[in-house]
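Enquirer: Provided herewith: start28.pdb, PDB, C-alpha atoms, pLDDT in the B column.
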```pdb
ATOM      1  CA  MET A   1      10.988   1.155 -30.753  1.00 79.00           C
ATOM      2  CA  ASN A   2      13.034  -1.631 -29.184  1.00 90.00           C
ATOM      3  CA  VAL A   3      11.581  -2.966 -25.987  1.00 96.00           C
ATOM      4  CA  ASP A   4      14.099  -4.304 -23.471  1.00 97.00           C
ATOM      5  CA  ASN A   5      11.649  -5.660 -20.916  1.00 97.00           C
ATOM      6  CA  SER A   6       7.908  -6.124 -20.742  1.00 98.00           C
ATOM      7  CA  ILE A   7       5.563  -6.618 -17.801  1.00 98.00           C
ATOM      8  CA  ASP A   8       1.912  -7.606 -17.784  1.00 98.00           C
ATOM      9  CA  CYS A   9      -0.139  -5.752 -15.167  1.00 97.00           C
ATOM     10  CA  LYS A  10      -3.475  -6.479 -16.810  1.00 96.00           C
ATOM     11  CA  GLY A  11      -6.193  -7.083 -14.228  1.00 94.00           C
ATOM     12  CA  LEU A  12      -4.149  -5.615 -11.382  1.00 94.00           C
ATOM     13  CA  ALA A  13      -5.591  -2.816  -9.258  1.00 93.00           C
ATOM     14  CA  CYS A  14      -3.921   0.216  -7.676  1.00 92.00           C
ATOM     15  CA  PRO A  15      -1.161   0.314  -6.511  1.00 94.00           C
ATOM     16  CA  GLU A  16       0.209  -2.878  -8.059  1.00 95.00           C
ATOM     17  CA  PRO A  17       0.914  -1.660 -11.612  1.00 96.00           C
ATOM     18  CA  ILE A  18       3.067   1.116 -10.132  1.00 96.00           C
ATOM     19  CA  LEU A  19       4.856  -1.232  -7.724  1.00 95.00           C
ATOM     20  CA  HIS A  20       5.595  -3.731 -10.505  1.00 96.00           C
ATOM     21  CA  THR A  21       6.763  -0.959 -12.821  1.00 97.00           C
ATOM     22  CA  LYS A  22       9.141   0.338 -10.181  1.00 96.00           C
ATOM     23  CA  MET A  23      10.533  -3.143  -9.472  1.00 95.00           C
ATOM     24  CA  ALA A  24      11.103  -3.751 -13.182  1.00 97.00           C
ATOM     25  CA  ILE A  25      12.751  -0.347 -13.761  1.00 97.00           C
ATOM     26  CA  ASN A  26      15.102  -0.966 -10.830  1.00 96.00           C
ATOM     27  CA  LYS A  27      16.557  -3.985 -12.620  1.00 96.00           C
ATOM     28  CA  MET A  28      17.147  -2.152 -15.917  1.00 97.00           C
ATOM     29  CA  GLU A  29      19.940  -0.005 -17.324  1.00 97.00           C
ATOM     30  CA  SER A  30      19.666   3.704 -18.052  1.00 97.00           C
ATOM     31  CA  GLY A  31      18.180   4.329 -21.515  1.00 97.00           C
ATOM     32  CA  GLN A  32      16.452   0.958 -21.754  1.00 97.00           C
ATOM     33  CA  ILE A  33      12.749   0.733 -22.571  1.00 98.00           C
ATOM     34  CA  LEU A  34      10.165  -0.947 -20.361  1.00 98.00           C
ATOM     35  CA  GLU A  35       6.802  -1.947 -21.786  1.00 98.00           C
ATOM     36  CA  VAL A  36       3.872  -2.065 -19.321  1.00 98.00           C
ATOM     37  CA  PHE A  37       0.372  -3.358 -20.024  1.00 98.00           C
ATOM     38  CA  THR A  38      -2.476  -2.370 -17.697  1.00 97.00           C
ATOM     39  CA  THR A  39      -6.260  -2.434 -17.623  1.00 96.00           C
ATOM     40  CA  ASP A  40      -6.858  -0.258 -14.543  1.00 94.00           C
ATOM     41  CA  PRO A  41      -8.327   3.029 -15.875  1.00 92.00           C
ATOM     42  CA  GLY A  42      -6.689   4.814 -12.919  1.00 92.00           C
ATOM     43  CA  SER A  43      -3.297   3.684 -14.174  1.00 95.00           C
ATOM     44  CA  ILE A  44      -3.317   6.360 -16.912  1.00 94.00           C
ATOM     45  CA  ASN A  45      -2.989   9.183 -14.407  1.00 94.00           C
ATOM     46  CA  ASP A  46      -1.016   7.063 -11.959  1.00 95.00           C
ATOM     47  CA  MET A  47       1.652   6.131 -14.493  1.00 96.00           C
ATOM     48  CA  ALA A  48       1.923   9.780 -15.593  1.00 96.00           C
ATOM     49  CA  ALA A  49       2.374  10.904 -11.983  1.00 94.00           C
ATOM     50  CA  TRP A  50       4.880   8.155 -11.258  1.00 96.00           C
ATOM     51  CA  SER A  51       6.832   9.064 -14.377  1.00 96.00           C
ATOM     52  CA  ARG A  52       6.943  12.788 -13.497  1.00 94.00           C
ATOM     53  CA  ARG A  53       8.020  12.054  -9.952  1.00 93.00           C
ATOM     54  CA  THR A  54      10.690   9.465 -10.718  1.00 95.00           C
ATOM     55  CA  LYS A  55      11.848  11.233 -13.909  1.00 95.00           C
ATOM     56  CA  ASN A  56      11.582   8.079 -16.017  1.00 97.00           C
ATOM     57  CA  PRO A  57       9.765   9.468 -19.081  1.00 97.00           C
ATOM     58  CA  ILE A  58       6.812   7.777 -20.779  1.00 97.00           C
ATOM     59  CA  VAL A  59       7.974   7.823 -24.385  1.00 97.00           C
ATOM     60  CA  ASP A  60       4.841   6.284 -25.836  1.00 97.00           C
ATOM     61  CA  LYS A  61       1.380   5.278 -24.736  1.00 96.00           C
ATOM     62  CA  SER A  62      -1.470   3.650 -26.580  1.00 97.00           C
ATOM     63  CA  GLU A  63      -4.800   2.015 -25.985  1.00 96.00           C
ATOM     64  CA  ASP A  64      -6.247  -1.128 -27.477  1.00 96.00           C
ATOM     65  CA  GLY A  65      -9.759  -1.782 -26.251  1.00 95.00           C
ATOM     66  CA  ASP A  66      -9.525  -2.074 -22.468  1.00 95.00           C
ATOM     67  CA  VAL A  67      -5.744  -2.478 -22.465  1.00 97.00           C
ATOM     68  CA  PHE A  68      -3.327   0.394 -21.975  1.00 97.00           C
ATOM     69  CA  ARG A  69       0.280   0.134 -23.096  1.00 98.00           C
ATOM     70  CA  PHE A  70       3.061   2.359 -21.822  1.00 98.00           C
ATOM     71  CA  LEU A  71       6.659   2.558 -22.981  1.00 98.00           C
ATOM     72  CA  ILE A  72       8.896   3.962 -20.290  1.00 98.00           C
ATOM     73  CA  GLN A  73      12.525   4.868 -20.723  1.00 98.00           C
ATOM     74  CA  LYS A  74      14.698   4.396 -17.689  1.00 97.00           C
ATOM     75  CA  ALA A  75      16.370   7.696 -16.785  1.00 95.00           C
TER      76      ALA A  75
ATOM     77  CA  MET B   1      18.044  13.140   2.781  1.00 45.00           C
ATOM     78  CA  SER B   2      18.764  14.964  -0.471  1.00 53.00           C
ATOM     79  CA  GLU B   3      16.876  18.123  -1.376  1.00 60.00           C
ATOM     80  CA  GLU B   4      15.138  16.296  -4.187  1.00 81.00           C
ATOM     81  CA  THR B   5      13.969  13.326  -2.140  1.00 91.00           C
ATOM     82  CA  LYS B   6      10.413  13.605  -0.895  1.00 95.00           C
ATOM     83  CA  SER B   7       9.273  11.909   2.248  1.00 97.00           C
ATOM     84  CA  ILE B   8       5.973  10.563   3.533  1.00 97.00           C
ATOM     85  CA  ALA B   9       5.131   9.919   7.183  1.00 97.00           C
ATOM     86  CA  LEU B  10       1.970   8.028   8.103  1.00 97.00           C
ATOM     87  CA  VAL B  11       0.332   7.127  11.385  1.00 97.00           C
ATOM     88  CA  ALA B  12      -1.754   3.946  11.243  1.00 97.00           C
ATOM     89  CA  SER B  13      -4.049   4.005  14.269  1.00 96.00           C
ATOM     90  CA  LYS B  14      -6.856   1.667  13.227  1.00 95.00           C
ATOM     91  CA  GLY B  15      -6.960  -2.094  12.966  1.00 94.00           C
ATOM     92  CA  THR B  16      -9.932  -2.768  10.713  1.00 94.00           C
ATOM     93  CA  LEU B  17      -9.431  -4.232   7.260  1.00 93.00           C
ATOM     94  CA  ASP B  18     -10.630  -1.132   5.416  1.00 92.00           C
ATOM     95  CA  GLN B  19      -8.399   1.170   7.474  1.00 95.00           C
ATOM     96  CA  ALA B  20      -5.337  -1.029   6.991  1.00 96.00           C
ATOM     97  CA  TYR B  21      -5.289  -0.491   3.243  1.00 96.00           C
ATOM     98  CA  PRO B  22      -4.623   3.276   2.965  1.00 97.00           C
ATOM     99  CA  PRO B  23      -1.347   3.430   4.942  1.00 97.00           C
ATOM    100  CA  LEU B  24       0.066   0.331   3.227  1.00 97.00           C
ATOM    101  CA  ILE B  25      -0.954   1.472  -0.262  1.00 97.00           C
ATOM    102  CA  LEU B  26       0.326   5.016   0.216  1.00 97.00           C
ATOM    103  CA  ALA B  27       3.630   3.957   1.778  1.00 97.00           C
ATOM    104  CA  SER B  28       4.421   1.297  -0.833  1.00 97.00           C
ATOM    105  CA  THR B  29       3.463   3.648  -3.658  1.00 97.00           C
ATOM    106  CA  GLY B  30       5.471   6.480  -2.109  1.00 97.00           C
ATOM    107  CA  ALA B  31       8.521   4.240  -1.978  1.00 96.00           C
ATOM    108  CA  ALA B  32       7.924   3.276  -5.607  1.00 96.00           C
ATOM    109  CA  MET B  33       7.917   7.012  -6.412  1.00 96.00           C
ATOM    110  CA  ASP B  34      11.383   7.355  -4.888  1.00 95.00           C
ATOM    111  CA  MET B  35      10.090   8.804  -1.636  1.00 96.00           C
ATOM    112  CA  GLU B  36      11.274   7.842   1.804  1.00 96.00           C
ATOM    113  CA  ALA B  37       8.298   6.360   3.615  1.00 97.00           C
ATOM    114  CA  ALA B  38       7.565   5.439   7.202  1.00 97.00           C
ATOM    115  CA  ILE B  39       4.462   4.136   8.952  1.00 97.00           C
ATOM    116  CA  PHE B  40       4.033   4.513  12.696  1.00 96.00           C
ATOM    117  CA  PHE B  41       1.668   1.804  13.975  1.00 96.00           C
ATOM    118  CA  THR B  42      -0.101   2.812  17.150  1.00 96.00           C
ATOM    119  CA  PHE B  43      -3.090   1.592  19.190  1.00 95.00           C
ATOM    120  CA  TYR B  44      -5.280  -0.699  17.074  1.00 96.00           C
ATOM    121  CA  GLY B  45      -3.037  -0.019  14.102  1.00 96.00           C
ATOM    122  CA  LEU B  46      -0.627  -2.489  15.716  1.00 96.00           C
ATOM    123  CA  ASP B  47      -2.957  -5.275  14.535  1.00 96.00           C
ATOM    124  CA  ILE B  48      -1.784  -4.569  10.969  1.00 97.00           C
ATOM    125  CA  ILE B  49       1.687  -5.857  11.900  1.00 97.00           C
ATOM    126  CA  HIS B  50       0.596  -8.397  14.538  1.00 96.00           C
ATOM    127  CA  LYS B  51       1.663 -11.916  13.500  1.00 94.00           C
ATOM    128  CA  ASP B  52      -1.576 -13.558  14.631  1.00 93.00           C
ATOM    129  CA  LYS B  53      -3.909 -10.861  13.310  1.00 93.00           C
ATOM    130  CA  TYR B  54      -2.668  -9.207  10.129  1.00 92.00           C
ATOM    131  CA  LYS B  55      -3.931 -11.998   7.874  1.00 91.00           C
ATOM    132  CA  ASN B  56      -7.414 -11.800   9.384  1.00 90.00           C
ATOM    133  CA  LEU B  57      -8.281  -8.139   9.866  1.00 93.00           C
ATOM    134  CA  LYS B  58     -12.005  -7.521  10.028  1.00 92.00           C
ATOM    135  CA  VAL B  59     -14.627  -5.018   8.950  1.00 90.00           C
ATOM    136  CA  ALA B  60     -16.835  -3.392  11.602  1.00 86.00           C
ATOM    137  CA  PRO B  61     -20.520  -3.942  10.802  1.00 84.00           C
ATOM    138  CA  LEU B  62     -21.629  -1.613  13.624  1.00 82.00           C
ATOM    139  CA  ALA B  63     -21.742   2.183  13.433  1.00 78.00           C
ATOM    140  CA  ASN B  64     -20.501   1.861   9.885  1.00 79.00           C
ATOM    141  CA  PRO B  65     -23.193   3.073   7.466  1.00 78.00           C
ATOM    142  CA  ALA B  66     -20.912   2.259   4.532  1.00 78.00           C
ATOM    143  CA  ALA B  67     -20.286  -1.339   5.635  1.00 76.00           C
ATOM    144  CA  PRO B  68     -20.491  -3.963   2.892  1.00 74.00           C
ATOM    145  CA  MET B  69     -23.844  -5.063   4.324  1.00 75.00           C
ATOM    146  CA  PRO B  70     -26.029  -2.025   4.856  1.00 72.00           C
ATOM    147  CA  VAL B  71     -28.120  -3.419   7.691  1.00 77.00           C
ATOM    148  CA  PRO B  72     -29.686  -1.623  10.668  1.00 79.00           C
ATOM    149  CA  ASN B  73     -27.363  -1.363  13.688  1.00 78.00           C
ATOM    150  CA  ILE B  74     -29.695  -3.593  15.667  1.00 81.00           C
ATOM    151  CA  VAL B  75     -28.915  -6.404  13.204  1.00 81.00           C
ATOM    152  CA  GLY B  76     -25.196  -5.607  13.248  1.00 80.00           C
ATOM    153  CA  VAL B  77     -24.919  -6.717  16.876  1.00 82.00           C
ATOM    154  CA  LEU B  78     -25.923 -10.288  16.049  1.00 86.00           C
ATOM    155  CA  PRO B  79     -23.278 -13.003  16.266  1.00 87.00           C
ATOM    156  CA  GLY B  80     -21.579 -13.621  12.943  1.00 88.00           C
ATOM    157  CA  MET B  81     -22.211 -10.156  11.508  1.00 88.00           C
ATOM    158  CA  THR B  82     -18.556  -9.101  11.753  1.00 89.00           C
ATOM    159  CA  TYR B  83     -17.611 -12.293   9.965  1.00 88.00           C
ATOM    160  CA  ALA B  84     -20.224 -11.665   7.268  1.00 89.00           C
ATOM    161  CA  ALA B  85     -19.186  -8.049   6.656  1.00 88.00           C
ATOM    162  CA  THR B  86     -15.535  -9.082   6.528  1.00 91.00           C
ATOM    163  CA  TRP B  87     -16.285 -11.897   4.119  1.00 90.00           C
ATOM    164  CA  MET B  88     -18.123  -9.501   1.811  1.00 89.00           C
ATOM    165  CA  MET B  89     -15.325  -6.931   1.855  1.00 89.00           C
ATOM    166  CA  ASN B  90     -12.712  -9.604   1.115  1.00 90.00           C
ATOM    167  CA  ASP B  91     -14.913 -10.886  -1.700  1.00 91.00           C
ATOM    168  CA  TRP B  92     -15.118  -7.371  -3.232  1.00 89.00           C
ATOM    169  CA  MET B  93     -11.386  -6.915  -2.915  1.00 89.00           C
ATOM    170  CA  SER B  94     -10.611 -10.232  -4.496  1.00 90.00           C
ATOM    171  CA  LYS B  95     -13.024  -9.667  -7.393  1.00 90.00           C
ATOM    172  CA  ALA B  96     -11.398  -6.277  -8.029  1.00 88.00           C
ATOM    173  CA  ASN B  97      -7.999  -7.973  -7.914  1.00 89.00           C
ATOM    174  CA  VAL B  98      -6.798  -5.776  -5.071  1.00 92.00           C
ATOM    175  CA  ALA B  99      -3.714  -7.038  -3.252  1.00 92.00           C
ATOM    176  CA  THR B 100      -4.224  -8.638   0.152  1.00 93.00           C
ATOM    177  CA  ILE B 101      -2.915  -7.019   3.340  1.00 95.00           C
ATOM    178  CA  PRO B 102      -0.076  -9.604   3.709  1.00 95.00           C
ATOM    179  CA  LYS B 103       0.946  -8.940   0.093  1.00 95.00           C
ATOM    180  CA  LEU B 104       0.998  -5.175   0.632  1.00 95.00           C
ATOM    181  CA  ILE B 105       3.051  -5.568   3.804  1.00 96.00           C
ATOM    182  CA  GLU B 106       5.542  -7.664   1.858  1.00 95.00           C
ATOM    183  CA  GLN B 107       5.675  -4.999  -0.858  1.00 95.00           C
ATOM    184  CA  CYS B 108       6.244  -2.260   1.730  1.00 96.00           C
ATOM    185  CA  GLN B 109       9.108  -4.226   3.211  1.00 95.00           C
ATOM    186  CA  MET B 110      10.673  -4.989  -0.167  1.00 93.00           C
ATOM    187  CA  ALA B 111      10.481  -1.295  -1.063  1.00 93.00           C
ATOM    188  CA  GLY B 112      12.244  -0.276   2.135  1.00 95.00           C
ATOM    189  CA  VAL B 113       9.301   1.355   3.905  1.00 97.00           C
ATOM    190  CA  ARG B 114      10.225   1.940   7.550  1.00 96.00           C
ATOM    191  CA  MET B 115       7.639   0.297   9.788  1.00 96.00           C
ATOM    192  CA  ILE B 116       7.660   1.479  13.371  1.00 95.00           C
ATOM    193  CA  GLY B 117       5.694  -0.072  16.228  1.00 95.00           C
ATOM    194  CA  CYS B 118       4.641   2.299  18.996  1.00 95.00           C
ATOM    195  CA  GLN B 119       6.317   1.008  22.153  1.00 94.00           C
ATOM    196  CA  MET B 120       3.943   2.783  24.525  1.00 93.00           C
ATOM    197  CA  THR B 121       0.756   1.314  23.041  1.00 93.00           C
ATOM    198  CA  MET B 122       2.431  -2.084  22.804  1.00 93.00           C
ATOM    199  CA  ASP B 123       2.977  -1.904  26.569  1.00 93.00           C
ATOM    200  CA  VAL B 124      -0.619  -0.740  27.129  1.00 93.00           C
ATOM    201  CA  MET B 125      -2.088  -3.535  25.050  1.00 92.00           C
ATOM    202  CA  GLY B 126       0.349  -6.231  26.115  1.00 94.00           C
ATOM    203  CA  VAL B 127       1.870  -6.648  22.665  1.00 94.00           C
ATOM    204  CA  LYS B 128       5.413  -8.015  22.699  1.00 94.00           C
ATOM    205  CA  ARG B 129       8.054  -7.514  20.044  1.00 94.00           C
ATOM    206  CA  SER B 130       7.848 -11.232  19.291  1.00 95.00           C
ATOM    207  CA  ASP B 131       4.120 -10.776  18.535  1.00 96.00           C
ATOM    208  CA  LEU B 132       4.982  -8.515  15.618  1.00 96.00           C
ATOM    209  CA  ILE B 133       6.113  -9.534  12.148  1.00 96.00           C
ATOM    210  CA  ASP B 134       9.842  -9.322  11.384  1.00 95.00           C
ATOM    211  CA  GLY B 135      11.497  -6.101  10.304  1.00 93.00           C
ATOM    212  CA  ILE B 136       9.630  -3.740  12.628  1.00 95.00           C
ATOM    213  CA  GLU B 137      11.467  -0.930  14.427  1.00 94.00           C
ATOM    214  CA  LEU B 138      10.200   0.135  17.832  1.00 94.00           C
ATOM    215  CA  GLY B 139       9.961   3.698  19.024  1.00 93.00           C
ATOM    216  CA  GLY B 140       7.864   6.445  20.477  1.00 91.00           C
ATOM    217  CA  ALA B 141       6.410   9.821  19.634  1.00 90.00           C
ATOM    218  CA  ALA B 142       9.803  11.526  19.410  1.00 90.00           C
ATOM    219  CA  MET B 143      11.161   8.986  16.945  1.00 89.00           C
ATOM    220  CA  PHE B 144       8.150   9.412  14.700  1.00 92.00           C
ATOM    221  CA  LEU B 145       8.121  13.213  14.945  1.00 92.00           C
ATOM    222  CA  ASP B 146      11.818  13.343  14.125  1.00 91.00           C
ATOM    223  CA  PHE B 147      11.030  11.623  10.825  1.00 92.00           C
ATOM    224  CA  ALA B 148       7.758  13.520  10.298  1.00 94.00           C
ATOM    225  CA  ALA B 149       9.397  16.913  10.863  1.00 94.00           C
ATOM    226  CA  ASP B 150      11.445  16.438   7.701  1.00 93.00           C
ATOM    227  CA  SER B 151       8.595  14.890   5.729  1.00 96.00           C
ATOM    228  CA  ASP B 152       6.686  16.542   2.913  1.00 96.00           C
ATOM    229  CA  ILE B 153       3.543  14.496   3.474  1.00 96.00           C
ATOM    230  CA  ASN B 154       2.117  13.676   6.900  1.00 96.00           C
ATOM    231  CA  MET B 155      -1.112  11.790   7.444  1.00 95.00           C
ATOM    232  CA  PHE B 156      -2.982  10.345  10.395  1.00 96.00           C
ATOM    233  CA  ILE B 157      -5.100   7.352   9.416  1.00 94.00           C
TER     234      ILE B 157
END
```
Translate this structure into structure tokens?
Expert:
Amino acid sequence: MNVDNSIDCKGLACPEPILHTKMAINKMESGQILEVFTTDPGSINDMAAWSRRTKNPIVDKSEDGDVFRFLIQKA
Amino acid sequence: MSEETKSIALVASKGTLDQAYPPLILASTGAAMDMEAAIFFTFYGLDIIHKDKYKNLKVAPLANPAAPMPVPNIVGVLPGMTYAATWMMNDWMSKANVATIPKLIEQCQMAGVRMIGCQMTMDVMGVKRSDLIDGIELGGAAMFLDFAADSDINMFI
């Protein structure tokens, strides 16, 4: 899947991954894909909740060791 | 406000470091979740937006069994204990990579969180508008309740 923008939130604690994700999404066009890397275990549920609430779907998520990767499509 | 838009109204009434985090985190996150968010700063909560104080909020070592330094209250009254407890809390926060209070305030402002200073408690405590950081609205109970009445989430912190 083509990634249009990528942000690195590794090491950041709540609520920063969400705030950075929102700021990045704001600058993107509808349909574009944002890639987000996190290490905060709470970010799994937080990103899901943020996605449900803002209606920007998580189209893919994966885990590599301690790092979580989310692909979010801007609504 | 559209039917879809959710809204969060918070009262920040405490001025210690640990109590400054929840309103700022919830409001900035709410705004990031497309909610309208407002924080009403009243009584000691005004310290969170006080120019000379918000960068140096402190942790209470007394009557706080969960303080970073679990010491008997009789020790907590000694000079320097507030400084020590505050230092430890800031050290924890920094090791956990948690944003600082000034950073969270900046993020609230960038996200459009409404920040309202309580005029009545400012008068009581001798806090002037020029003592507060930029971008603060001033108002009273009615102004806050007007916003809170239409809010989906209301919290007193």
Enquirer: Take CA of Cys118 in chain B and CA of Ser7 in chain B and report the distance between them in Å, one decimal.
Expert: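 So the answer is 19.9 Å.
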Enquirer: Could you state which residues are captured by the ChimeraX specification (/A :<12) & /B in this file, as a PyMOL selection string?
Expert: chain B and resi 4-6+21-35+93-100+103-104+106-108+110-111
Enquirer: One decimal, in Å: what's the spacing between CA of Asp4 in chain A and CA of Gly112 in chain B?
Expert: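 One can read the CA of Asp4 in chain A to CA of Gly112 in chain B distance as 26.0 Å.
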Enquirer: Evaluated on this file, the PyMOL selection byres ((chain B and resi 119) around 6) picks out some residues - which ones are they, written as a list in words?
Expert: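 On the file shown, the PyMOL selection byres ((chain B and resi 119) around 6) covers Cys118, Met120, Thr121, Met122, Leu138, Gly139 and Gly140 of chain B.
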Enquirer: May I ask for the distance between CA of Ser130 in chain B and CA of Met115 in chain B, given in Å to one decimal place?
Expert: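 Interatomic distance here is 14.9 Å.
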Enquirer: Would you mind listing what lies within 12 Å of Phe40 in chain B as a PyMOL selection string, with only C-alpha atoms counted and same-chain residues fewer than 5 positions away left out?
Expert: chain B and resi 8-14+23-24+27+45-46+48-49+113-121+136-148+154-157
Enquirer: Name the residues in contact with Val59 in chain A at a cut-off of 9 Å, using only C-alpha atoms, excluding same-chain residues fewer than 6 positions from it; report them as an MDAnalysis selection string.
Expert: chainID A and resid 33 70:73
Enquirer: Compile the contact shell of Arg69 in chain A as a list in words: residues with an atom at most 6 Å away, counting only C-alpha atoms, same-chain residues fewer than 5 positions apart removed.
Expert: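 Near Arg69 in chain A, the qualifying residues are Val36, Phe37, Lys61 and Ser62 of chain A.
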Enquirer: Just C-alpha atoms for this one: save the residues we selected as a PDB file, in the coordinates of the input.
Expert:
```pdb
ATOM      1  CA  VAL A  36       3.872  -2.065 -19.321  1.00 98.00           C
ATOM      2  CA  PHE A  37       0.372  -3.358 -20.024  1.00 98.00           C
ATOM      3  CA  LYS A  61       1.380   5.278 -24.736  1.00 96.00           C
ATOM      4  CA  SER A  62      -1.470   3.650 -26.580  1.00 97.00           C
TER       5      SER A  62
END
```
Enquirer: Starting from the shown file, work through the PyMOL selection byres ((chain B and resi 64) around 12) and note down what comes out as a list of chain:residue names.
Expert: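 Output of the PyMOL selection byres ((chain B and resi 64) around 12): B:Thr16, B:Asp18, B:Val59, B:Ala60, B:Pro61, B:Leu62, B:Ala63, B:Pro65, B:Ala66, B:Ala67, B:Pro68, B:Met69, B:Pro70, B:Val71, B:Pro72, B:Asn73, B:Gly76, B:Val77, B:Thr82, B:Ala85.
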Enquirer: Can you list, as a short mmCIF file (atom, residue, chain, number, x, y, z; two decimals) with C-alpha atoms, in the coordinates of the input, every protein, DNA or RNA residue that comes within 10 Å of Lys58 in chain B when you count all atoms listed in the file, leaving out same-chain residues fewer than 2 positions away?
Expert:
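What landed in part-v5.cif:
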```
data_model
loop_
_atom_site.label_atom_id
_atom_site.label_comp_id
_atom_site.auth_asym_id
_atom_site.auth_seq_id
_atom_site.Cartn_x
_atom_site.Cartn_y
_atom_site.Cartn_z
CA GLY B 15 -6.96 -2.09 12.97
CA THR B 16 -9.93 -2.77 10.71
CA LEU B 17 -9.43 -4.23 7.26
CA ASP B 18 -10.63 -1.13 5.42
CA GLN B 19 -8.40 1.17 7.47
CA ALA B 20 -5.34 -1.03 6.99
CA LYS B 53 -3.91 -10.86 13.31
CA TYR B 54 -2.67 -9.21 10.13
CA LYS B 55 -3.93 -12.00 7.87
CA ASN B 56 -7.41 -11.80 9.38
CA ALA B 60 -16.84 -3.39 11.60
CA PRO B 61 -20.52 -3.94 10.80
CA THR B 82 -18.56 -9.10 11.75
CA TYR B 83 -17.61 -12.29 9.96
CA ALA B 84 -20.22 -11.66 7.27
CA ALA B 85 -19.19 -8.05 6.66
CA THR B 86 -15.54 -9.08 6.53
CA TRP B 87 -16.28 -11.90 4.12
CA MET B 89 -15.32 -6.93 1.86
CA ASN B 90 -12.71 -9.60 1.12
#
```
Enquirer: Find the axis-aligned box for range 34-49 of chain A, covering all its listed atoms and adding 6 Å on each side, and write its centre and edge lengths in Å to one decimal as lines of an AutoDock Vina configuration file.
Expert:
```
center_x = 0.9
center_y = 3.8
center_z = -16.9
size_x = 30.5
size_y = 26.3
size_z = 21.8
```
Enquirer: Which residues come within 7 Å of Val3 in chain A, counting all atoms listed in the file, excluding same-chain residues fewer than 2 positions away, as JSON, numbers by chain?
Expert: {"A": [1, 5, 33, 34, 35]}
Enquirer: Keeping only C-alpha atoms, write the selected residues to a file as a tab-separated table (two decimals), keeping the file's coordinate frame.
Expert:
```tsv
chain	number	residue	atom	x	y	z
A	1	MET	CA	10.99	1.16	-30.75
A	5	ASN	CA	11.65	-5.66	-20.92
A	33	ILE	CA	12.75	0.73	-22.57
A	34	LEU	CA	10.16	-0.95	-20.36
A	35	GLU	CA	6.80	-1.95	-21.79
```
Enquirer: Can you work out which one of B:Ala37, B:Thr42, B:Gly80, B:Ile101 has the shortest atom-to-atom distance to Asp123 in chain B, counting only C-alpha atoms?
Expert: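 Answer, going by the shortest atom-to-atom distance: B:Thr42.
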